[in-house]
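Have a look at query.cif; it's mmCIF, C-alpha atoms and all ligand atoms:
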data_data
loop_
_atom_site.label_atom_id
_atom_site.label_comp_id
_atom_site.auth_asym_id
_atom_site.auth_seq_id
_atom_site.Cartn_x
_atom_site.Cartn_y
_atom_site.Cartn_z
CA MET A 3 -9.99 -10.23 6.58
CA ARG A 4 -10.30 -6.83 4.99
CA ALA A 5 -13.63 -5.36 3.98
CA PRO A 6 -14.48 -5.55 0.27
CA ARG A 7 -14.20 -2.31 -1.62
CA ARG A 8 -15.69 -1.30 -4.92
CA VAL A 9 -12.32 -0.64 -6.60
CA ALA A 10 -10.86 -3.86 -5.24
CA ASP A 11 -13.82 -5.83 -6.57
CA PHE A 12 -13.42 -4.24 -9.99
CA ARG A 13 -9.76 -5.23 -9.97
CA LEU A 14 -10.71 -8.89 -9.84
CA THR A 15 -11.84 -8.71 -13.43
CA THR A 16 -9.58 -5.95 -14.77
CA SER A 17 -5.78 -5.79 -14.81
CA ARG A 18 -4.26 -2.72 -13.23
CA SER A 19 -2.57 -1.62 -16.44
CA ARG A 20 -5.96 -1.27 -18.14
CA LEU A 21 -7.42 0.98 -15.50
CA PRO A 22 -7.60 4.75 -16.05
CA LYS A 23 -4.64 6.59 -14.44
CA LEU A 24 -6.87 8.16 -11.80
CA TRP A 25 -8.09 4.73 -10.71
CA ARG A 26 -4.57 3.36 -10.59
CA ASN A 27 -3.57 6.13 -8.20
CA ILE A 28 -6.58 5.42 -6.00
CA MET A 29 -5.51 1.77 -5.85
CA ALA A 30 -2.72 2.37 -3.40
CA MET A 31 -1.91 2.39 0.26
CA LYS A 32 -0.87 5.39 2.30
CA ILE A 33 0.89 5.79 5.62
CA VAL A 34 -0.68 7.63 8.52
CA VAL A 35 2.26 9.78 9.57
CA ALA A 36 1.03 10.18 13.14
CA GLU A 37 1.13 6.40 13.62
CA CYS A 38 4.43 5.74 11.85
CA SER A 39 7.66 5.33 13.81
CA SER A 40 9.75 5.48 10.60
CA CYS A 41 11.27 2.09 11.43
CA GLY A 42 11.61 1.28 7.73
CA ASP A 43 10.43 -2.33 8.00
CA CYS A 44 7.80 -1.85 5.30
CA ILE A 45 10.37 -0.49 2.85
CA LYS A 46 12.19 -3.83 2.82
CA VAL A 47 9.14 -5.93 1.93
CA CYS A 48 7.50 -3.86 -0.80
CA PRO A 49 7.65 -5.85 -4.06
CA THR A 50 7.24 -2.73 -6.20
CA ASN A 51 9.74 -0.54 -4.33
CA SER A 52 6.99 1.96 -3.73
CA ILE A 53 7.94 2.89 -0.18
CA TYR A 54 10.64 5.42 0.55
CA GLU A 55 11.91 7.62 3.34
CA LYS A 56 12.58 11.30 2.95
CA GLY A 57 13.46 13.66 5.75
CA GLY A 58 12.57 11.06 8.34
CA ILE A 59 9.07 10.54 6.93
CA VAL A 60 8.14 7.25 5.23
CA LYS A 61 5.82 7.53 2.24
CA ILE A 62 4.21 5.33 -0.43
CA LYS A 63 4.25 6.21 -4.12
CA ALA A 64 0.64 6.06 -5.20
CA ASP A 65 1.46 5.62 -8.86
CA THR A 66 3.42 2.40 -8.37
CA CYS A 67 1.81 0.77 -5.33
CA ASN A 68 -0.55 -1.93 -6.54
CA GLU A 69 -1.86 -2.96 -3.11
CA CYS A 70 0.16 -6.17 -3.58
CA GLU A 71 -2.50 -7.35 -6.00
CA ASP A 72 -0.64 -10.60 -6.67
CA SER A 73 -0.58 -11.54 -3.00
CA ASP A 74 -3.33 -13.65 -1.48
CA ASP A 75 -2.49 -12.20 1.92
CA GLY A 76 -3.07 -8.54 1.11
CA PRO A 77 -0.62 -5.65 1.37
CA LYS A 78 2.80 -6.86 2.58
CA CYS A 79 3.64 -3.48 4.09
CA GLN A 80 0.53 -3.54 6.26
CA ALA A 81 1.26 -7.09 7.40
CA THR A 82 4.84 -6.14 8.32
CA CYS A 83 4.12 -2.91 10.14
CA ALA A 84 3.91 -3.24 13.93
CA SER A 85 0.98 -0.82 13.90
CA GLY A 86 -0.69 -2.65 11.01
CA GLU A 87 -3.99 -1.27 9.76
CA ALA A 88 -3.76 1.74 12.05
CA CYS A 89 -0.64 2.91 10.28
CA ILE A 90 -0.99 1.77 6.66
CA VAL A 91 -4.42 2.33 5.15
CA TYR A 92 -6.17 2.18 1.80
CA MET A 93 -6.46 5.51 -0.02
S1 LIG B 1 0.66 -2.50 -0.74
FE1 LIG B 1 2.33 -3.74 -1.54
S2 LIG B 1 3.01 -2.59 -3.37
FE2 LIG B 1 1.84 -1.15 -2.11
S3 LIG B 1 3.34 -0.14 -0.81
FE3 LIG B 1 2.53 -1.90 0.35
S4 LIG B 1 4.00 -3.54 -0.05
FE4 LIG B 1 4.31 -1.97 -1.63
S1 LIG B 2 6.61 -0.49 9.08
FE1 LIG B 2 4.98 0.90 9.84
S2 LIG B 2 5.98 2.14 11.44
FE2 LIG B 2 7.62 1.20 10.20
S3 LIG B 2 8.11 2.74 8.61
FE3 LIG B 2 6.56 1.34 7.74
S4 LIG B 2 4.60 2.34 8.15
FE4 LIG B 2 6.12 3.29 9.51
#
Representation of the structure as structure tokens:
Amino acid sequence: MRAPRRVADFRLTTSRSRLPKLWRNIMAMKIVVAECSSCGDCIKVCPTNSIYEKGGIVKIKADTCNECEDSDDGPKCQATCASGEACIVYM
């Protein structure tokens, strides 16, 4: 179970679309390049199509990633990645 975070707690009572743009961009995941094998597994499961590969490096678009806020199981990319929380982290 992931540790509670201030932004995540705020999200429970506020829809993402009503948050200031800066907050929306903070509410995203990012990939630790050193841990990523560029396998592409996370790209296939992202419900917002926020993960892409460019030049062999896999990245997450901070402005569209919503941390899988509708999922009870947390970020789907993190759950799919073989390296899990070591590779895909909260911003
Ligand atoms: S947390 Fe969810 S929306 Fe964000 S990149 Fe991962 S799978 Fe996509
Ligand atoms: S599933 Fe993990 S190792 Fe594979 S591309 Fe995504 S972040 Fe990288």
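The residue that comes closest to ligand LIG 2 (chain B), out of A:Tyr92, A:Ala81, A:Thr66, A:Gly57 and on the basis of all atoms listed in the file, is A:Ala81.
Among the candidates A:Ile53, A:Cys83, A:Cys89, A:Ile59, the one nearest to ligand LIG 1 (chain B) when counting all atoms listed in the file is A:Ile53.
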Go through chain A residue by residue and, counting all atoms listed in the file, keep those with an atom at most 10 Å from ligand LIG 1 (chain B); for each kept residue give the shortest atom pair and its distance in Å to one decimal, ordered by chain and increasing number, as a tab-separated table.
residue	atom	partner	partner_atom	distance
A:Met29	CA	B:LIG1	FE2	8.7
A:Ala30	CA	B:LIG1	FE2	5.9
A:Met31	CA	B:LIG1	S1	5.6
A:Lys32	CA	B:LIG1	S3	7.6
A:Ile33	CA	B:LIG1	S3	9.1
A:Cys44	CA	B:LIG1	S4	6.8
A:Ile45	CA	B:LIG1	S4	7.6
A:Lys46	CA	B:LIG1	S4	8.7
A:Val47	CA	B:LIG1	S4	6.0
A:Cys48	CA	B:LIG1	S4	3.6
A:Pro49	CA	B:LIG1	FE4	5.7
A:Thr50	CA	B:LIG1	S2	5.1
A:Asn51	CA	B:LIG1	FE4	6.2
A:Ser52	CA	B:LIG1	S3	5.1
A:Ile53	CA	B:LIG1	S3	5.5
A:Tyr54	CA	B:LIG1	S3	9.3
A:Lys61	CA	B:LIG1	S3	8.6
A:Ile62	CA	B:LIG1	S3	5.6
A:Lys63	CA	B:LIG1	S3	7.2
A:Ala64	CA	B:LIG1	FE2	7.9
A:Asp65	CA	B:LIG1	FE2	9.6
A:Thr66	CA	B:LIG1	S2	7.1
A:Cys67	CA	B:LIG1	FE2	3.7
A:Asn68	CA	B:LIG1	S2	4.8
A:Glu69	CA	B:LIG1	S1	3.5
A:Cys70	CA	B:LIG1	FE1	3.8
A:Glu71	CA	B:LIG1	FE1	7.5
A:Asp72	CA	B:LIG1	FE1	9.1
A:Ser73	CA	B:LIG1	FE1	8.5
A:Gly76	CA	B:LIG1	S1	7.3
A:Pro77	CA	B:LIG1	S1	4.0
A:Lys78	CA	B:LIG1	S4	4.4
A:Cys79	CA	B:LIG1	S4	4.2
A:Gln80	CA	B:LIG1	FE3	6.5
A:Ala81	CA	B:LIG1	S4	8.7
A:Thr82	CA	B:LIG1	S4	8.8
A:Cys83	CA	B:LIG1	FE3	10.0
A:Ile90	CA	B:LIG1	FE3	8.1
A:Val91	CA	B:LIG1	S1	9.2
A:Tyr92	CA	B:LIG1	S1	8.7
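Residue nearest ligand LIG 2 (chain B) within the list A:Cys41, A:Ile28, A:Glu55, A:Val35: A:Cys41 [criterion: smallest interatomic distance, all atoms listed in the file].
Comparing the minimum interatomic distances between ligand LIG 2 (chain B) and each of A:Ser39, A:Ala88, A:Met93, A:Asp74, counting only C-alpha atoms and all ligand atoms, we find that A:Ser39 sits nearest.
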Grab all the atoms of ligand LIG 2 (chain B) that the file lists, wrap them in a box along x, y and z, add 3 Å per side, and give me centre plus edge lengths in Å (one decimal) as AutoDock Vina command-line options.
--center_x 6.4 --center_y 1.4 --center_z 9.6 --size_x 9.5 --size_y 9.8 --size_z 9.7
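Distances to ligand LIG 2 (chain B) were evaluated for A:Lys56, A:Asp75, A:Ala36, A:Ala84 using only C-alpha atoms and all ligand atoms, and the minimum falls at A:Ala84.
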